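Here's the structure, in structure tokens; my notes come after.
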Amino acid sequence: MSGRQKLVLALLLGSQFMIAVDFSILNVALPVVGEGLGFSLAGLQWIATSFALAAAGFTLLFGRVADLVGRKNLFVGGMAVLGLSSVLGGLATSPEVLLTARVLQGLATAAVTPAGLALLTTAFREGPLRERALGLNGALMSAGFTAGAILGGLLTDLLSWRWAFFINVPVAALVVILAPTVITDSRPEERPRLDVPGAVAVTGGLLLLVLGLTRAGETGWTRPATLAALTAGAVLLVAFVRIEQRAAAPLVPVRVLKRRSVVWGNTAGLIAFATETSLVFLLTLYLQEVLGYSALATGLAFGVLGAGTVLGGVLGGRAVGRFGNRRAIVLGGTVQAAATLSLVALGTSGAWVWLLLTATFVGGVGNMLMIVGFMVTATSGLPDEEQGRATGLATMTQQVGIALGIPVMSAVVTARTGAANGPDAVLSGVSTAILVNSALVLAGAVLAGYFLAGGARTPKDG
């Protein structure tokens, strides 16, 4: 890499790391935030859900908007909104203000992530440098989720939960100041039109789908409101595909949606993000409800997972270069599934924490191999003018996976435990969900590997 490429990479990766930290930093502090601002127990989860809904629902739309207004412009504007909304959240004195700040942070994330990823893929040509850059990006994203949990515990215990918001402000300000002169803009030569019907359909469909799955995790799958949201979301997503087939300037051309590399690469990514983020949720329940760990101790325990993901990200680009993206997905998914399956053996004794630390480290390495393979697969073989769409899809996959994993696994735990309480009941529910989690990872990796074998491959795939 040239010196300028290294600077561009540092700036883009730093912003993506901050986005990842932002998603998880409040998770371990939710009870303290709720007590400070008067949230009800049932309302606490909306601090995370409001962010996830906005981030998942608007990512694909903003991926296309980036092609219209310029990726650098959207990236810088999104970082500015993220900084200002963080100030608003840190100064919040009521639930309404805090939730408004979280929605704005989610919208900023939906703008910054695809724009930043598109700038990254266009700054590095397809090949070893891009694979290395995407590997580092994936490593820092996953490490950011873990670092967010640790930082959230530290800041809450030592200072105040408000610093979980304020810590974003100087980083956002630095990016906004440096990005205009450091990053070279990229956009299609011809100014495209925005597919408004397609944008409305996919945004509404994703919002309703995430909302329905979140409500399923809270109240069960058979409630009328849950079923209505899931059904309406599915109808809108089907309508989106039909709209794209007829649109003169589609949000995502059908030729892109039909590419095996796009379909199965994103399928692998969806499962990788959904399973790893929800595993952190399950192990948080185990550490706090079964072993009695504090929020800070729980966050520190996940530092080992963060180390695994960083190592996996560093190795991911090399693995893709040596074995091919398809084999990297299968290898990573198999390692993650085996490590996750071992956690079914967890018991009520504190001695089991060593199994947890070892398995999460190994699983983190495997998860990151799978994610790097997904990123390379989903963005390969496409010209620069299609990178906004491809990275928008990849980022949407990432955000939807993060948003869906926790409510789905929460529903599994609830179905297993029912009305029972106590460490034994929680352990039973967590163990069942871990088993489901492991099976999903393995199935996703094997299916993606099988179908990618007949589709677009890198030269190393043979």
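Residue names in the structure tokens use chain letters A, B, ... in the order shown, residue numbers from 1 in each chain, and ligand numbers from 1 in the order shown.
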Out of range 62-247 of chain A, which residues get helix (DSSP H, G or I) from DSSP, as number ranges by chain?
-> A: 62-69, 71-90, 95-123, 128-158, 163-166, 168-182, 196-219, 224-246
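Nearest residue to Leu154 in chain A among A:Thr298, A:Thr417, A:Ser438, A:Thr348 is A:Thr298, counting only C-alpha atoms.
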Contact residues around Leu74 in chain A with only C-alpha atoms at 9 Å, ignoring same-chain residues under 5 positions, as a PyMOL selection string | chain A and resi 62+65-66+69+79+111-112+115-116
Neighbours of Val21 in chain A within 7 Å (only C-alpha atoms; same-chain residues fewer than 4 positions away dropped), as number ranges by chain?
-> A: 17, 25, 144-145, 147-148
May I have the residues from that selection written out with N, CA, C and O atoms, as a short mmCIF file (atom, residue, chain, number, x, y, z; two decimals), in the first residue's frame?
data_model
loop_
_atom_site.label_atom_id
_atom_site.label_comp_id
_atom_site.auth_asym_id
_atom_site.auth_seq_id
_atom_site.Cartn_x
_atom_site.Cartn_y
_atom_site.Cartn_z
N PHE A 17 -14.91 1.02 12.93
CA PHE A 17 -14.73 0.52 14.30
C PHE A 17 -15.62 1.29 15.27
O PHE A 17 -16.26 0.71 16.15
N ILE A 25 -22.10 -0.60 22.83
CA ILE A 25 -21.56 0.04 24.02
C ILE A 25 -22.59 0.23 25.13
O ILE A 25 -22.26 0.25 26.31
N GLY A 144 -14.90 -4.26 17.37
CA GLY A 144 -15.65 -3.11 17.87
C GLY A 144 -16.85 -3.51 18.70
O GLY A 144 -17.16 -2.88 19.72
N PHE A 145 -17.56 -4.58 18.26
CA PHE A 145 -18.69 -5.05 19.05
C PHE A 145 -18.24 -5.48 20.44
O PHE A 145 -18.89 -5.21 21.44
N ALA A 147 -15.29 -4.57 21.94
CA ALA A 147 -14.75 -3.41 22.64
C ALA A 147 -15.87 -2.54 23.19
O ALA A 147 -15.73 -1.94 24.26
N GLY A 148 -16.99 -2.48 22.47
CA GLY A 148 -18.13 -1.72 22.95
C GLY A 148 -18.64 -2.25 24.27
O GLY A 148 -18.97 -1.47 25.19
#
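Between Leu270 in chain A and the residues A:Ala108, A:Leu37, A:Ala394, A:Val103, the shortest atom-to-atom distance, using only C-alpha atoms, involves A:Ala394.
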For Gly308 in chain A, list every protein, DNA or RNA residue within 8 Å, evaluated using only C-alpha atoms, and leave out those in the same chain fewer than 2 positions away; present the list as a list in words.
-> Val304, Leu305, Gly306, Val310, Leu311, Gly312, Thr360, Phe361, Val362, Gly363, Gly364 and Val365 of chain A
Skipping near chain neighbours, those fewer than 6 positions away, what residues fall within 12 Å of Arg246 in chain A using only C-alpha atoms, listed as a PDB file with C-alpha atoms, in the first residue's frame?
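Generated output (around-v2.pdb):
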ATOM      1  CA  ASP A 195     -35.912   4.136  -7.530  1.00  0.00           C
ATOM      2  CA  PRO A 197     -41.007   2.707  -5.139  1.00  0.00           C
ATOM      3  CA  GLY A 198     -38.225   0.163  -4.648  1.00  0.00           C
ATOM      4  CA  ALA A 239     -43.053  -6.550  -3.904  1.00  0.00           C
ATOM      5  CA  PHE A 240     -39.542  -5.049  -3.896  1.00  0.00           C
ATOM      6  CA  VAL A 252     -30.680  -3.222  -7.093  1.00  0.00           C
ATOM      7  CA  PRO A 253     -30.716  -4.579 -10.676  1.00  0.00           C
ATOM      8  CA  VAL A 254     -32.082  -8.094 -11.054  1.00  0.00           C
TER       9      VAL A 254
END
Exercise: range 286-297 of chain A partners within 7 Å, only C-alpha atoms, chain neighbours under 4 positions left out, as number ranges by chain | A: 28, 150, 153-154, 282, 301, 348, 350, 423, 426-427
Interatomic distance between CA of Leu207 in chain A and CA of Gly57 in chain A?
-> 5.0 Å
